[in-house]
$ cat work24.cif   # mmCIF, N, CA and C atoms
data_structure
loop_
_atom_site.label_atom_id
_atom_site.label_comp_id
_atom_site.auth_asym_id
_atom_site.auth_seq_id
_atom_site.Cartn_x
_atom_site.Cartn_y
_atom_site.Cartn_z
N MET A 1129 31.39 -3.13 17.00
CA MET A 1129 30.87 -3.11 18.35
C MET A 1129 29.63 -4.00 18.40
N GLU A 1130 29.54 -4.77 19.45
CA GLU A 1130 28.39 -5.64 19.57
C GLU A 1130 27.15 -4.82 19.96
N LEU A 1131 26.00 -5.30 19.52
CA LEU A 1131 24.76 -4.55 19.71
C LEU A 1131 24.37 -4.36 21.17
N GLU A 1132 24.61 -5.37 22.00
CA GLU A 1132 24.25 -5.24 23.42
C GLU A 1132 24.97 -4.06 24.06
N LYS A 1133 26.25 -3.95 23.75
CA LYS A 1133 27.05 -2.86 24.31
C LYS A 1133 26.57 -1.51 23.77
N TYR A 1134 26.29 -1.47 22.48
CA TYR A 1134 25.78 -0.24 21.87
C TYR A 1134 24.49 0.20 22.56
N LEU A 1135 23.56 -0.72 22.75
CA LEU A 1135 22.28 -0.38 23.37
C LEU A 1135 22.48 0.12 24.80
N GLU A 1136 23.43 -0.46 25.48
CA GLU A 1136 23.74 -0.02 26.84
C GLU A 1136 24.33 1.40 26.82
N GLU A 1137 25.24 1.63 25.89
CA GLU A 1137 25.91 2.94 25.81
C GLU A 1137 24.98 4.08 25.42
N ILE A 1138 23.96 3.77 24.64
CA ILE A 1138 23.02 4.84 24.26
C ILE A 1138 21.86 4.95 25.22
N ASP A 1139 21.91 4.17 26.30
CA ASP A 1139 20.89 4.20 27.33
C ASP A 1139 19.51 3.91 26.73
N ALA A 1140 19.40 2.73 26.13
CA ALA A 1140 18.20 2.34 25.39
C ALA A 1140 16.92 2.45 26.21
N GLN A 1141 16.93 1.96 27.45
CA GLN A 1141 15.69 2.00 28.23
C GLN A 1141 15.23 3.43 28.49
N LYS A 1142 16.17 4.30 28.75
CA LYS A 1142 15.83 5.71 28.97
C LYS A 1142 15.18 6.30 27.71
N GLN A 1143 15.73 5.97 26.55
CA GLN A 1143 15.15 6.46 25.30
C GLN A 1143 13.75 5.88 25.07
N ILE A 1144 13.58 4.61 25.37
CA ILE A 1144 12.27 3.97 25.20
C ILE A 1144 11.24 4.63 26.13
N ASP A 1145 11.65 4.90 27.36
CA ASP A 1145 10.74 5.55 28.31
C ASP A 1145 10.37 6.96 27.85
N ARG A 1146 11.35 7.70 27.32
CA ARG A 1146 11.06 9.04 26.79
C ARG A 1146 10.10 8.97 25.61
N LEU A 1147 10.31 7.99 24.75
CA LEU A 1147 9.42 7.81 23.60
C LEU A 1147 8.01 7.48 24.07
N ALA A 1148 7.90 6.67 25.10
CA ALA A 1148 6.58 6.31 25.64
C ALA A 1148 5.84 7.56 26.14
N LYS A 1149 6.56 8.46 26.78
CA LYS A 1149 5.93 9.71 27.25
C LYS A 1149 5.53 10.58 26.06
N LYS A 1150 6.41 10.66 25.08
CA LYS A 1150 6.14 11.47 23.88
C LYS A 1150 4.94 10.93 23.10
N CYS A 1151 4.80 9.62 23.08
CA CYS A 1151 3.74 8.98 22.29
C CYS A 1151 2.58 8.49 23.15
N LYS A 1152 2.44 9.09 24.33
CA LYS A 1152 1.35 8.68 25.22
C LYS A 1152 0.02 8.84 24.50
N ASN A 1153 -0.82 7.84 24.60
CA ASN A 1153 -2.15 7.80 23.96
C ASN A 1153 -2.09 7.81 22.44
N LYS A 1154 -0.94 7.48 21.87
CA LYS A 1154 -0.82 7.37 20.41
C LYS A 1154 -0.65 5.92 20.03
N LYS A 1155 -1.30 5.54 18.95
CA LYS A 1155 -1.22 4.18 18.44
C LYS A 1155 0.04 4.06 17.57
N ILE A 1156 0.93 3.14 17.96
CA ILE A 1156 2.22 3.00 17.30
C ILE A 1156 2.23 1.79 16.36
N LEU A 1157 2.77 2.02 15.19
CA LEU A 1157 3.07 0.95 14.24
C LEU A 1157 4.59 0.85 14.18
N LEU A 1158 5.14 -0.29 14.57
CA LEU A 1158 6.58 -0.49 14.52
C LEU A 1158 6.97 -1.01 13.14
N TYR A 1159 8.10 -0.57 12.64
CA TYR A 1159 8.63 -1.17 11.42
C TYR A 1159 10.01 -1.72 11.73
N GLY A 1160 10.18 -3.00 11.52
CA GLY A 1160 11.46 -3.67 11.75
C GLY A 1160 11.31 -4.76 12.78
N ALA A 1161 11.37 -6.01 12.32
CA ALA A 1161 11.19 -7.16 13.21
C ALA A 1161 12.36 -8.12 13.10
N GLY A 1162 13.54 -7.57 12.90
CA GLY A 1162 14.72 -8.42 12.75
C GLY A 1162 15.46 -8.66 14.05
N SER A 1163 16.71 -9.06 13.93
CA SER A 1163 17.50 -9.42 15.11
C SER A 1163 17.74 -8.23 16.04
N TYR A 1164 17.86 -7.02 15.48
CA TYR A 1164 18.02 -5.82 16.30
C TYR A 1164 16.80 -5.63 17.20
N PHE A 1165 15.61 -5.73 16.63
CA PHE A 1165 14.40 -5.59 17.44
C PHE A 1165 14.25 -6.75 18.41
N ASP A 1166 14.60 -7.96 17.98
CA ASP A 1166 14.54 -9.11 18.89
C ASP A 1166 15.37 -8.85 20.14
N LEU A 1167 16.57 -8.31 19.95
CA LEU A 1167 17.46 -8.01 21.06
C LEU A 1167 16.84 -6.95 21.98
N ILE A 1168 16.27 -5.92 21.40
CA ILE A 1168 15.63 -4.85 22.18
C ILE A 1168 14.45 -5.42 22.96
N GLN A 1169 13.62 -6.18 22.28
CA GLN A 1169 12.42 -6.75 22.92
C GLN A 1169 12.79 -7.69 24.06
N LYS A 1170 13.86 -8.42 23.89
CA LYS A 1170 14.30 -9.39 24.90
C LYS A 1170 14.88 -8.70 26.15
N ASN A 1171 15.55 -7.56 25.96
CA ASN A 1171 16.30 -6.94 27.05
C ASN A 1171 15.72 -5.64 27.61
N TYR A 1172 14.69 -5.11 26.98
CA TYR A 1172 14.16 -3.83 27.43
C TYR A 1172 12.65 -3.88 27.54
N ASP A 1173 12.10 -3.00 28.38
CA ASP A 1173 10.67 -2.96 28.65
C ASP A 1173 9.98 -2.04 27.64
N LEU A 1174 9.18 -2.63 26.78
CA LEU A 1174 8.42 -1.86 25.78
C LEU A 1174 6.95 -1.71 26.17
N SER A 1175 6.59 -2.15 27.36
CA SER A 1175 5.19 -2.20 27.75
C SER A 1175 4.50 -0.84 27.84
N LYS A 1176 5.27 0.23 27.99
CA LYS A 1176 4.67 1.56 28.08
C LYS A 1176 4.34 2.14 26.70
N LEU A 1177 4.80 1.47 25.65
CA LEU A 1177 4.50 1.90 24.28
C LEU A 1177 3.19 1.25 23.83
N ASN A 1178 2.33 2.01 23.22
CA ASN A 1178 1.06 1.50 22.72
C ASN A 1178 1.27 0.95 21.30
N ILE A 1179 1.89 -0.23 21.23
CA ILE A 1179 2.23 -0.83 19.94
C ILE A 1179 1.03 -1.61 19.43
N ALA A 1180 0.47 -1.15 18.31
CA ALA A 1180 -0.71 -1.80 17.74
C ALA A 1180 -0.33 -2.92 16.78
N ALA A 1181 0.82 -2.78 16.12
CA ALA A 1181 1.25 -3.79 15.15
C ALA A 1181 2.72 -3.59 14.82
N ILE A 1182 3.28 -4.60 14.17
CA ILE A 1182 4.65 -4.53 13.70
C ILE A 1182 4.67 -4.96 12.23
N SER A 1183 5.48 -4.28 11.46
CA SER A 1183 5.58 -4.59 10.04
C SER A 1183 7.05 -4.83 9.70
N ASP A 1184 7.27 -5.63 8.70
CA ASP A 1184 8.62 -5.93 8.26
C ASP A 1184 8.57 -6.53 6.86
N LYS A 1185 9.63 -6.33 6.13
CA LYS A 1185 9.71 -6.88 4.77
C LYS A 1185 9.53 -8.40 4.78
N LYS A 1186 9.99 -9.04 5.87
CA LYS A 1186 9.87 -10.50 5.94
C LYS A 1186 8.41 -10.96 6.06
N PHE A 1187 7.50 -10.05 6.36
CA PHE A 1187 6.08 -10.40 6.45
C PHE A 1187 5.37 -10.24 5.10
N GLU A 1188 6.10 -9.89 4.04
CA GLU A 1188 5.47 -9.71 2.72
C GLU A 1188 4.82 -11.00 2.22
N THR A 1189 5.43 -12.13 2.52
CA THR A 1189 4.86 -13.39 2.04
C THR A 1189 4.06 -14.12 3.11
N THR A 1190 4.50 -14.01 4.36
CA THR A 1190 3.79 -14.67 5.46
C THR A 1190 4.09 -13.97 6.78
N THR A 1191 3.13 -13.99 7.66
CA THR A 1191 3.37 -13.41 8.99
C THR A 1191 3.73 -14.49 10.00
N ASP A 1192 3.93 -15.71 9.52
CA ASP A 1192 4.26 -16.84 10.41
C ASP A 1192 5.59 -16.66 11.12
N SER A 1193 6.48 -15.83 10.58
CA SER A 1193 7.80 -15.64 11.19
C SER A 1193 7.76 -14.61 12.32
N ASN A 1194 6.59 -14.13 12.66
CA ASN A 1194 6.46 -13.12 13.71
C ASN A 1194 6.73 -13.74 15.09
N LYS A 1195 7.82 -13.28 15.73
CA LYS A 1195 8.19 -13.77 17.05
C LYS A 1195 7.79 -12.78 18.15
N THR A 1196 7.00 -11.81 17.81
CA THR A 1196 6.63 -10.77 18.76
C THR A 1196 5.19 -10.98 19.25
N PRO A 1197 4.83 -10.32 20.33
CA PRO A 1197 3.43 -10.42 20.79
C PRO A 1197 2.49 -9.48 20.02
N TYR A 1198 3.03 -8.78 19.03
CA TYR A 1198 2.25 -7.78 18.30
C TYR A 1198 1.69 -8.36 17.00
N LYS A 1199 0.61 -7.78 16.56
CA LYS A 1199 0.01 -8.17 15.29
C LYS A 1199 1.01 -7.87 14.17
N ALA A 1200 1.24 -8.80 13.28
CA ALA A 1200 2.16 -8.60 12.16
C ALA A 1200 1.37 -8.19 10.92
N ILE A 1201 1.88 -7.16 10.24
CA ILE A 1201 1.25 -6.74 8.98
C ILE A 1201 2.32 -6.61 7.90
N LYS A 1202 1.89 -6.78 6.67
CA LYS A 1202 2.79 -6.64 5.52
C LYS A 1202 3.09 -5.15 5.33
N PRO A 1203 4.26 -4.80 4.81
CA PRO A 1203 4.57 -3.38 4.58
C PRO A 1203 3.51 -2.66 3.74
N GLU A 1204 2.95 -3.34 2.77
CA GLU A 1204 1.93 -2.72 1.93
C GLU A 1204 0.69 -2.31 2.74
N GLU A 1205 0.41 -3.02 3.82
CA GLU A 1205 -0.74 -2.73 4.67
C GLU A 1205 -0.53 -1.47 5.51
N MET A 1206 0.70 -0.95 5.55
CA MET A 1206 0.99 0.27 6.30
C MET A 1206 0.24 1.46 5.72
N LYS A 1207 -0.12 1.38 4.45
CA LYS A 1207 -0.81 2.48 3.78
C LYS A 1207 -2.10 2.87 4.50
N ASN A 1208 -2.85 1.88 4.93
CA ASN A 1208 -4.17 2.15 5.50
C ASN A 1208 -4.31 1.72 6.95
N PHE A 1209 -3.21 1.33 7.58
CA PHE A 1209 -3.29 0.90 8.97
C PHE A 1209 -3.59 2.09 9.86
N ASP A 1210 -4.47 1.89 10.83
CA ASP A 1210 -4.86 2.96 11.74
C ASP A 1210 -3.78 3.16 12.80
N CYS A 1211 -2.95 4.19 12.62
CA CYS A 1211 -1.88 4.49 13.58
C CYS A 1211 -1.64 6.00 13.63
N ASP A 1212 -1.01 6.44 14.71
CA ASP A 1212 -0.69 7.86 14.87
C ASP A 1212 0.77 8.15 14.56
N VAL A 1213 1.61 7.13 14.71
CA VAL A 1213 3.04 7.31 14.50
C VAL A 1213 3.64 5.97 14.06
N ILE A 1214 4.66 6.05 13.20
CA ILE A 1214 5.41 4.87 12.77
C ILE A 1214 6.78 4.97 13.42
N VAL A 1215 7.15 3.94 14.15
CA VAL A 1215 8.42 3.91 14.87
C VAL A 1215 9.33 2.89 14.20
N MET A 1216 10.50 3.35 13.80
CA MET A 1216 11.47 2.50 13.12
C MET A 1216 12.32 1.76 14.15
N SER A 1217 12.27 0.44 14.12
CA SER A 1217 13.07 -0.37 15.04
C SER A 1217 14.16 -1.10 14.25
N LEU A 1218 14.96 -0.28 13.58
CA LEU A 1218 16.06 -0.77 12.75
C LEU A 1218 17.32 0.03 13.05
N ILE A 1219 18.46 -0.55 12.76
CA ILE A 1219 19.71 0.19 12.92
C ILE A 1219 19.84 1.24 11.81
N ASN A 1220 19.55 0.86 10.58
CA ASN A 1220 19.65 1.78 9.44
C ASN A 1220 18.31 2.45 9.16
N ASP A 1221 17.73 3.02 10.20
CA ASP A 1221 16.36 3.54 10.10
C ASP A 1221 16.18 4.70 9.12
N LEU A 1222 17.18 5.55 8.94
CA LEU A 1222 17.00 6.71 8.06
C LEU A 1222 16.76 6.31 6.61
N SER A 1223 17.58 5.41 6.09
CA SER A 1223 17.41 5.02 4.69
C SER A 1223 16.11 4.25 4.48
N VAL A 1224 15.76 3.40 5.43
CA VAL A 1224 14.52 2.63 5.30
C VAL A 1224 13.31 3.55 5.45
N ALA A 1225 13.38 4.50 6.36
CA ALA A 1225 12.26 5.45 6.55
C ALA A 1225 11.99 6.22 5.26
N LYS A 1226 13.05 6.66 4.60
CA LYS A 1226 12.88 7.38 3.32
C LYS A 1226 12.22 6.48 2.29
N SER A 1227 12.65 5.23 2.22
CA SER A 1227 12.08 4.29 1.27
C SER A 1227 10.61 4.02 1.56
N ILE A 1228 10.26 3.83 2.82
CA ILE A 1228 8.86 3.59 3.20
C ILE A 1228 8.02 4.81 2.85
N ASP A 1229 8.53 5.98 3.18
CA ASP A 1229 7.81 7.22 2.90
C ASP A 1229 7.56 7.37 1.40
N LYS A 1230 8.58 7.12 0.61
CA LYS A 1230 8.51 7.32 -0.85
C LYS A 1230 7.78 6.18 -1.56
N ASN A 1231 8.05 4.93 -1.19
CA ASN A 1231 7.55 3.78 -1.94
C ASN A 1231 6.27 3.15 -1.41
N ILE A 1232 5.97 3.37 -0.14
CA ILE A 1232 4.77 2.73 0.43
C ILE A 1232 3.71 3.76 0.82
N LEU A 1233 4.10 4.77 1.57
CA LEU A 1233 3.11 5.69 2.16
C LEU A 1233 2.67 6.82 1.23
N LYS A 1234 3.46 7.16 0.25
CA LYS A 1234 3.14 8.29 -0.62
C LYS A 1234 1.75 8.11 -1.26
N GLY A 1235 0.92 9.11 -1.07
CA GLY A 1235 -0.43 9.10 -1.63
C GLY A 1235 -1.43 8.27 -0.83
N SER A 1236 -1.03 7.78 0.33
CA SER A 1236 -1.92 6.94 1.14
C SER A 1236 -2.47 7.72 2.34
N LYS A 1237 -3.32 7.07 3.08
CA LYS A 1237 -3.91 7.63 4.30
C LYS A 1237 -2.81 8.04 5.28
N ASN A 1238 -1.73 7.29 5.32
CA ASN A 1238 -0.65 7.54 6.28
C ASN A 1238 0.53 8.33 5.71
N GLU A 1239 0.31 9.01 4.62
CA GLU A 1239 1.38 9.80 3.99
C GLU A 1239 1.99 10.82 4.95
N LYS A 1240 1.19 11.42 5.78
CA LYS A 1240 1.66 12.47 6.69
C LYS A 1240 1.94 11.94 8.11
N THR A 1241 1.83 10.64 8.31
CA THR A 1241 2.09 10.06 9.62
C THR A 1241 3.57 10.21 9.95
N PRO A 1242 3.89 10.73 11.13
CA PRO A 1242 5.30 10.89 11.50
C PRO A 1242 6.02 9.54 11.58
N ILE A 1243 7.26 9.52 11.09
CA ILE A 1243 8.11 8.35 11.18
C ILE A 1243 9.30 8.74 12.05
N ILE A 1244 9.46 8.03 13.18
CA ILE A 1244 10.52 8.37 14.13
C ILE A 1244 11.29 7.12 14.52
N PRO A 1245 12.54 7.28 14.97
CA PRO A 1245 13.31 6.11 15.39
C PRO A 1245 12.94 5.64 16.79
N LEU A 1246 13.05 4.35 17.01
CA LEU A 1246 12.87 3.81 18.36
C LEU A 1246 14.04 4.24 19.23
N LEU A 1247 15.24 4.13 18.69
CA LEU A 1247 16.47 4.51 19.40
C LEU A 1247 17.39 5.28 18.47
N SER A 1248 18.14 6.19 19.05
CA SER A 1248 19.11 6.98 18.29
C SER A 1248 20.42 7.04 19.05
N PRO A 1249 21.53 7.16 18.33
CA PRO A 1249 22.80 7.35 19.04
C PRO A 1249 22.75 8.65 19.84
N THR A 1250 23.23 8.63 21.05
CA THR A 1250 23.25 9.84 21.86
C THR A 1250 24.42 10.72 21.45
N PHE A 1251 24.36 11.96 21.82
CA PHE A 1251 25.44 12.90 21.51
C PHE A 1251 26.75 12.43 22.14
N SER A 1252 26.68 11.97 23.39
CA SER A 1252 27.89 11.50 24.06
C SER A 1252 28.47 10.27 23.37
N TYR A 1253 27.60 9.40 22.87
CA TYR A 1253 28.07 8.22 22.14
C TYR A 1253 28.77 8.65 20.84
N LEU A 1254 28.16 9.58 20.12
CA LEU A 1254 28.76 10.07 18.87
C LEU A 1254 30.11 10.73 19.13
N LEU A 1255 30.20 11.51 20.19
CA LEU A 1255 31.48 12.12 20.55
C LEU A 1255 32.54 11.06 20.85
N LYS A 1256 32.14 10.09 21.59
CA LYS A 1256 33.05 9.00 21.95
C LYS A 1256 33.57 8.30 20.69
N MET A 1257 32.69 8.02 19.74
CA MET A 1257 33.09 7.37 18.50
C MET A 1257 34.00 8.28 17.67
N PHE A 1258 33.70 9.56 17.67
CA PHE A 1258 34.52 10.53 16.93
C PHE A 1258 35.96 10.54 17.46
N PHE A 1259 36.09 10.60 18.78
CA PHE A 1259 37.42 10.68 19.37
C PHE A 1259 38.17 9.35 19.31
N LYS A 1260 37.46 8.25 19.16
CA LYS A 1260 38.14 6.96 18.99
C LYS A 1260 38.81 6.88 17.61
N LYS A 1261 38.25 7.61 16.65
CA LYS A 1261 38.78 7.58 15.28
C LYS A 1261 39.95 8.53 15.09
N ILE A 1262 40.15 9.44 16.01
CA ILE A 1262 41.25 10.42 15.88
C ILE A 1262 42.55 9.81 16.35
#
$ encode --input "work24.cif" --output "structure tokens"
Amino acid sequence: MELEKYLEEIDAQKQIDRLAKKCKNKKILLYGAGSYFDLIQKNYDLSKLNIAAISDKKFETTTDSNKTPYKAIKPEEMKNFDCDVIVMSLINDLSVAKSIDKNILKGSKNEKTPIIPLLSPTFSYLLKMFFKKI
């Protein structure tokens, strides 16, 4: 399934708006600056989110590849970055979140910082996919 259709089916803007309400007055650190996030940023309004910076593995050597309006930081800098919540802007966010928690944040200032997804499959979407496989 193409990503544009997936984002439409999970009602991406509605989820982003809900996240903005949930994270009102919270400083957000985004993790994930790849093509998935590029597509979201291009097609959806993120202005209600208080995004302080974005981090990605591709910024480990240079932040020159940053195509976003947000400050780019290396994943290692997530340890001490001043944020209230880390938002995963990746498709495979669960496995990456575990890795970040275990390999980067453990023992740091941000060890207890909540890590949440930017978008999640909706229940109706999951049901639809389940019945397509039957």
$ closest_residue --input "work24.cif" --among "A:Leu1218, A:Ala1180, A:Val1213, A:Ile1201" --to "Leu1167 in chain A" --atoms "only C-alpha atoms"
A:Leu1218
$ resolve_selection --input "work24.cif" --expression "the PyMOL selection byres (((chain A and resi 1138 and name CA) around 12) and name CA)" --output "list in words"
Leu1131, Glu1132, Lys1133, Tyr1134, Leu1135, Glu1136, Glu1137, Asp1139, Ala1140, Gln1141, Lys1142, Gln1143, Ile1144, Leu1246, Leu1247, Ser1248, Pro1249, Thr1250, Phe1251, Ser1252, Tyr1253, Leu1254, Leu1255, Lys1256 and Met1257 of chain A
$ residues_around --input "work24.cif" --residues "Asp1221 in chain A" --least-positions-apart "4" --cutoff "12 Å" --atoms "only C-alpha atoms" --output "PDB file with N, CA and C atoms, in the frame of the given file"
ATOM      1  N   LEU A1158       5.140  -0.290  14.570  1.00  0.00           N
ATOM      2  CA  LEU A1158       6.580  -0.490  14.520  1.00  0.00           C
ATOM      3  C   LEU A1158       6.970  -1.010  13.140  1.00  0.00           C
ATOM      4  N   TYR A1159       8.100  -0.570  12.640  1.00  0.00           N
ATOM      5  CA  TYR A1159       8.630  -1.170  11.420  1.00  0.00           C
ATOM      6  C   TYR A1159      10.010  -1.720  11.730  1.00  0.00           C
ATOM      7  N   GLY A1160      10.180  -3.000  11.520  1.00  0.00           N
ATOM      8  CA  GLY A1160      11.460  -3.670  11.750  1.00  0.00           C
ATOM      9  C   GLY A1160      11.310  -4.760  12.780  1.00  0.00           C
ATOM     10  N   TYR A1164      17.860  -7.020  15.480  1.00  0.00           N
ATOM     11  CA  TYR A1164      18.020  -5.820  16.300  1.00  0.00           C
ATOM     12  C   TYR A1164      16.800  -5.630  17.200  1.00  0.00           C
ATOM     13  N   PHE A1165      15.610  -5.730  16.630  1.00  0.00           N
ATOM     14  CA  PHE A1165      14.400  -5.590  17.440  1.00  0.00           C
ATOM     15  C   PHE A1165      14.250  -6.750  18.410  1.00  0.00           C
ATOM     16  N   ILE A1214       4.660   6.050  13.200  1.00  0.00           N
ATOM     17  CA  ILE A1214       5.410   4.870  12.770  1.00  0.00           C
ATOM     18  C   ILE A1214       6.780   4.970  13.420  1.00  0.00           C
ATOM     19  N   VAL A1215       7.150   3.940  14.150  1.00  0.00           N
ATOM     20  CA  VAL A1215       8.420   3.910  14.870  1.00  0.00           C
ATOM     21  C   VAL A1215       9.330   2.890  14.200  1.00  0.00           C
ATOM     22  N   MET A1216      10.500   3.350  13.800  1.00  0.00           N
ATOM     23  CA  MET A1216      11.470   2.500  13.120  1.00  0.00           C
ATOM     24  C   MET A1216      12.320   1.760  14.150  1.00  0.00           C
ATOM     25  N   SER A1217      12.270   0.440  14.120  1.00  0.00           N
ATOM     26  CA  SER A1217      13.070  -0.370  15.040  1.00  0.00           C
ATOM     27  C   SER A1217      14.160  -1.100  14.250  1.00  0.00           C
ATOM     28  N   ALA A1225      13.380   4.500   6.360  1.00  0.00           N
ATOM     29  CA  ALA A1225      12.260   5.450   6.550  1.00  0.00           C
ATOM     30  C   ALA A1225      11.990   6.220   5.260  1.00  0.00           C
ATOM     31  N   LYS A1226      13.050   6.660   4.600  1.00  0.00           N
ATOM     32  CA  LYS A1226      12.880   7.380   3.320  1.00  0.00           C
ATOM     33  C   LYS A1226      12.220   6.480   2.290  1.00  0.00           C
ATOM     34  N   SER A1227      12.650   5.230   2.220  1.00  0.00           N
ATOM     35  CA  SER A1227      12.080   4.290   1.270  1.00  0.00           C
ATOM     36  C   SER A1227      10.610   4.020   1.560  1.00  0.00           C
ATOM     37  N   ILE A1228      10.260   3.830   2.820  1.00  0.00           N
ATOM     38  CA  ILE A1228       8.860   3.590   3.200  1.00  0.00           C
ATOM     39  C   ILE A1228       8.020   4.810   2.850  1.00  0.00           C
ATOM     40  N   ASP A1229       8.530   5.980   3.180  1.00  0.00           N
ATOM     41  CA  ASP A1229       7.810   7.220   2.900  1.00  0.00           C
ATOM     42  C   ASP A1229       7.560   7.370   1.400  1.00  0.00           C
ATOM     43  N   ILE A1243       7.260   9.520  11.090  1.00  0.00           N
ATOM     44  CA  ILE A1243       8.110   8.350  11.180  1.00  0.00           C
ATOM     45  C   ILE A1243       9.300   8.740  12.050  1.00  0.00           C
ATOM     46  N   ILE A1244       9.460   8.030  13.180  1.00  0.00           N
ATOM     47  CA  ILE A1244      10.520   8.370  14.130  1.00  0.00           C
ATOM     48  C   ILE A1244      11.290   7.120  14.520  1.00  0.00           C
ATOM     49  N   PRO A1245      12.540   7.280  14.970  1.00  0.00           N
ATOM     50  CA  PRO A1245      13.310   6.110  15.390  1.00  0.00           C
ATOM     51  C   PRO A1245      12.940   5.640  16.790  1.00  0.00           C
ATOM     52  N   LEU A1246      13.050   4.350  17.010  1.00  0.00           N
ATOM     53  CA  LEU A1246      12.870   3.810  18.360  1.00  0.00           C
ATOM     54  C   LEU A1246      14.040   4.240  19.230  1.00  0.00           C
ATOM     55  N   LEU A1247      15.240   4.130  18.690  1.00  0.00           N
ATOM     56  CA  LEU A1247      16.470   4.510  19.400  1.00  0.00           C
ATOM     57  C   LEU A1247      17.390   5.280  18.470  1.00  0.00           C
ATOM     58  N   SER A1248      18.140   6.190  19.050  1.00  0.00           N
ATOM     59  CA  SER A1248      19.110   6.980  18.290  1.00  0.00           C
ATOM     60  C   SER A1248      20.420   7.040  19.050  1.00  0.00           C
ATOM     61  N   PRO A1249      21.530   7.160  18.330  1.00  0.00           N
ATOM     62  CA  PRO A1249      22.800   7.350  19.040  1.00  0.00           C
ATOM     63  C   PRO A1249      22.750   8.650  19.840  1.00  0.00           C
TER      64      PRO A1249
END
$ axis_aligned_box --input "work24.cif" --around "range 1162-1178 of chain A" --padding-each-side "8 Å" --output "lines of an AutoDock Vina configuration file"
center_x = 9.5
center_y = -3.6
center_z = 20.7
size_x = 33.0
size_y = 27.6
size_z = 31.9
$ closest_residue --input "work24.cif" --among "A:Lys1185, A:Lys1150, A:Lys1176, A:Lys1207" --to "Lys1240 in chain A" --atoms "only C-alpha atoms"
A:Lys1207
$ closest_residue --input "work24.cif" --among "A:Cys1211, A:Val1224, A:Ala1161, A:Ile1168" --to "Asn1194 in chain A" --atoms "all atoms listed in the file"
A:Ala1161
$ atom_distance --input "work24.cif" --atom1 "CA of Leu1177 in chain A" --atom2 "CA of Ala1148 in chain A"
5.1 Å
$ select_by_dssp --input "work24.cif" --residues "chain A" --states "alpha helix (DSSP H)" --output "ChimeraX atom specification"
/A:1131-1137,1140-1150,1163-1171,1221-1228,1251-1261
